[in-house]
Number of protein chains: 4
Amino acid sequence: MLDKLKKQVYLANMELVKKKLIIETFGNVSGIDREKQIVAIKLSGVDYDTLRPDDVVLVDLNSGEVIEGDMRPSSDTKTHLVLYKSFSEIQGVVHTHSAYATSWAQAQRPIPCLGTTHADYSPAEIPCTGVMEDDAIEGDYEKETGYQIISTFRQKKYDYQYTPMVLVASHGPFTWGESPAKAVYHSNVLEYLAKMAYRTLRINNNVGSLKKNLIDKHFYRKHGENAYYGQE
Amino acid sequence: MLDKLKKQVYLANMELVKKKLIIETFGNVSGIDREKQIVAIKLSGVDYDTLRPDDVVLVDLNSGEVIEGDMRPSSDTKTHLVLYKSFSEIQGVVHTHSAYATSWAQAQRPIPCLGTTHADYSPAEIPCTGVMEDDAIEGDYEKETGYQIISTFRQKKYDYQYTPMVLVASHGPFTWGESPAKAVYHSNVLEYLAKMAYRTLRINNNVGSLKKNLIDKHFYRKHGENAYYGQE
Amino acid sequence: MLDKLKKQVYLANMELVKKKLIIETFGNVSGIDREKQIVAIKLSGVDYDTLRPDDVVLVDLNSGEVIEGDMRPSSDTKTHLVLYKSFSEIQGVVHTHSAYATSWAQAQRPIPCLGTTHADYSPAEIPCTGVMEDDAIEGDYEKETGYQIISTFRQKKYDYQYTPMVLVASHGPFTWGESPAKAVYHSNVLEYLAKMAYRTLRINNNVGSLKKNLIDKHFYRKHGENAYYGQE
Amino acid sequence: MLDKLKKQVYLANMELVKKKLIIETFGNVSGIDREKQIVAIKLSGVDYDTLRPDDVVLVDLNSGEVIEGDMRPSSDTKTHLVLYKSFSEIQGVVHTHSAYATSWAQAQRPIPCLGTTHADYSPAEIPCTGVMEDDAIEGDYEKETGYQIISTFRQKKYDYQYTPMVLVASHGPFTWGESPAKAVYHSNVLEYLAKMAYRTLRINNNVGSLKKNLIDKHFYRKHGENAYYGQE
């Protein structure tokens, strides 16, 4: 059942290893079949060195129940489900502990837009959620993590399709996209932006965000109806 | 004799190379047969590029004497033996000079718990011993290194099973676990935590430790009877 | 047509991957046939993982029109064309977002000449353009990027043959050379200089530029009629 | 002639690539036949990607003349010759622009002994020469570089057999050893020490040098008649 989706999710997980975005078991990729309302996600605690296509399980989008077999899905599954429900256009979600992005998350700081590389992928900073409140931590923690992300985008009035990435304070990054592979691509881009922003501020701590019109120039070279980057 | 243990120790040593935790000869892994009270450990000064399964020797847990052959075990053997004797549940010990963890040790600073990645592996900071006293340096140095580790855990009331890693001031990290492979795994995790803590404090030097309830949430997702990470 | 040039450009693009100067689609290499006034350049938005020799298109130096087929050339093509027109001796141009060089560009700082490695390749700092004016951003942006580079060299009285590299503020580096391969070589050298300058200033923020006579000594060991580096 | 030495030097040069101590053509290794007073050294400007065993030439220790063929030896050859003449026990010399060590050299700072990893290889800091005087730069530059190294060791009363490495201010590191391979080994160790010292001081800028007795403990574990590291 949904073998194609499972394979996509498996391959996207393996891509995380190739791009050096994870070590050991630190991350997970999921994909969704919107029509069937089923999410495919990596098993919990499985080492990437030995990951097999069968280590992807199917979960019901609404109930969160495992549909096939009796293996546990990633412990972050509920966060993925909240994102799929709120961000209605996304088809893939990735969570990593990639080192630079996680360092920004641990520093509880958004990544400012310091250059055109960033503006190519997001017209805004990469937002960082607040630190979670005590009752949320002690409640349905993974679901609350998802709610925090949604609420951060809502408060800041950021568009999840324009800024396909976020930092969860003290935790790490989540990214999404129009496929599991595209979500992994965004994780790779985010790590690169996080690395360059880190170094930029070491060289010149006073540099400000990119000018609004330069951000727009780059963002709309790649997005929207006047885009002229890539092939048609 | 104890060929299986020797092979485990050999493979765990090779894993240090694969995970880029050592260069040249800078590190050693050991494993123990608790029933026979025998420790298997890498030879002293052997280059990892040419390491063979036979480069692991057997040492008596209590006397420290080599049991087979006449090759010298790692110069850090006595430190390993002290750890095996005091931390009664561990089955493997690793010492590396991995670059980020050693930099924290050289800075004589414990690694604060700045994020959930850290909390997944230890509910406390990664402690750093004090600088060794003169008489200990001039005495049985490697044994004293072990005593320092034990005493650091005792003074801080940390649990060696919860925090399977330590920094020896001005020297470098030691880690342990329920097998030689698990101890290597902890060395890899420690290096990653050390790298992210380094960068986090460059971005925001004022960020404090993770909140106690968030530490507990993550630690007990993975440890203890209510754990729900991984497969049963 | 111009198959040899296209192959050179293809190989030079692949070299960027090998030297780890790019991730994903972040960069482009071009080469020129000066006699025919035709530039060969990578297609826009093509992933380096799947790049084939046919992913290089021919563009007219003067009109910027694509000569063969209907695929879009790199979105930075106009910048390349301006450089070819103004820097009459160059045969290859490279644009990357290599992480250290881009961090200096984002910091809006030229890279000072802090050592002999730098002086081996440029007798001056690596200049950084100013931030682009609003009307230029909203005008013919990629062409203006080229004009900024030219104008920076003119104002600072730097020689493009002596300093084959530049940082475009908030954007990233461009390099050039007597062939596409040589331009890639200069991108690799630039990234290395940027990395070492970054670290040097962390260790000693007060270190000044290399003495003029030491710069000249190194630069003229490799360049001009008294050069004695390399083979004749 | 001296094919065995030439092969050793060739292999040691290739080892620099494997250990990632050089990019492009940035470095050179030499070896010496003390009896014949002949030095084998890499050709000038040869790319490591295409280096062949024949790219090593023989040079007379005293005159500096090439003995075989008409290819130019490394432009740093005279520095190597000065080192061989003054440091009478060494059999191999290496010069690299390895990134961390060169950053310390560019910062014009010696690398302090901050940990036992350093003390395992040198009982002293890694010294940094002064910036070269104008007349020396304009005189026999490469020979003067050698003299600077010798004079630094003499002034600081360091033993070249105990501290087999040095930083030349604004330039980069030289290392040596009892064979070309051992000199490369010391280049690798130096880069690692430089990296850890860099990070240590970022974490704690006030940490002082290792205590004298701890330095001695580690250094004499590996050196001298009471050494007990490695095999007999």
# chains A, B, ... in the order shown; residues from 1 in each chain; ligands from 1
$ interface_residues --of "chain B" --to "chain D" --cutoff "8 Å" --atoms "only C-alpha atoms" --output "number ranges by chain"
B: 43-46, 71-72, 74-75, 97, 99-100, 102-104, 106-109, 134, 137-138, 170-171, 198
$ write_last_selection --atoms "C-alpha atoms" --output "PDB file, in the first residue's frame"
ATOM      1  CA  LEU B  43      47.687  -1.682  21.787  1.00  0.00           C
ATOM      2  CA  SER B  44      49.612   1.490  22.595  1.00  0.00           C
ATOM      3  CA  GLY B  45      50.681   3.724  19.710  1.00  0.00           C
ATOM      4  CA  VAL B  46      49.239   1.659  16.889  1.00  0.00           C
ATOM      5  CA  MET B  71      52.726  -6.104  23.583  1.00  0.00           C
ATOM      6  CA  ARG B  72      51.939  -2.947  25.554  1.00  0.00           C
ATOM      7  CA  SER B  74      47.158   1.621  25.494  1.00  0.00           C
ATOM      8  CA  SER B  75      48.957   3.960  27.875  1.00  0.00           C
ATOM      9  CA  HIS B  97      40.886  13.607  21.381  1.00  0.00           C
ATOM     10  CA  ALA B  99      38.399  18.196  18.349  1.00  0.00           C
ATOM     11  CA  TYR B 100      35.363  20.010  19.793  1.00  0.00           C
ATOM     12  CA  THR B 102      38.820  18.309  23.603  1.00  0.00           C
ATOM     13  CA  SER B 103      38.563  22.072  23.079  1.00  0.00           C
ATOM     14  CA  TRP B 104      35.959  22.260  25.868  1.00  0.00           C
ATOM     15  CA  GLN B 106      41.170  22.376  27.309  1.00  0.00           C
ATOM     16  CA  ALA B 107      38.989  25.391  28.113  1.00  0.00           C
ATOM     17  CA  GLN B 108      38.267  23.644  31.436  1.00  0.00           C
ATOM     18  CA  ARG B 109      34.559  24.168  31.010  1.00  0.00           C
ATOM     19  CA  ASP B 134      50.625  18.040  41.442  1.00  0.00           C
ATOM     20  CA  ILE B 137      50.332  14.007  38.250  1.00  0.00           C
ATOM     21  CA  GLU B 138      53.582  12.806  39.693  1.00  0.00           C
ATOM     22  CA  SER B 170      43.243  19.977  29.819  1.00  0.00           C
ATOM     23  CA  HIS B 171      43.106  16.510  28.344  1.00  0.00           C
ATOM     24  CA  TYR B 198      30.431  25.994  20.864  1.00  0.00           C
TER      25      TYR B 198
END
$ select_by_dssp --residues "range 8-225 of chain C" --states "helix (DSSP H, G or I)" --output "PyMOL selection string"
chain C and resi 8-18+48-50+53-55+77-86+99-106+116-119+134-138+141-156+180-203+212-222
$ residues_around --residues "Gly31 in chain D" --least-positions-apart "2" --cutoff "7 Å" --atoms "only C-alpha atoms" --output "list in words"
Leu5, Val9, Val39, Ala40, Ile41, Gln91, Gly92, Val93, Ser179 and Pro180 of chain D
$ closest_residue --among "C:Ala136, C:Ala194, C:Val184, C:Met1" --to "Leu21 in chain C" --atoms "only C-alpha atoms"
C:Val184
$ residues_around --residues "Gly172 in chain B" --least-positions-apart "4" --cutoff "7 Å" --atoms "only C-alpha atoms" --output "list of chain:residue names"
B:Thr96, B:His97, B:Ala101, B:Thr102, B:Ala105, B:Leu167, B:Val168
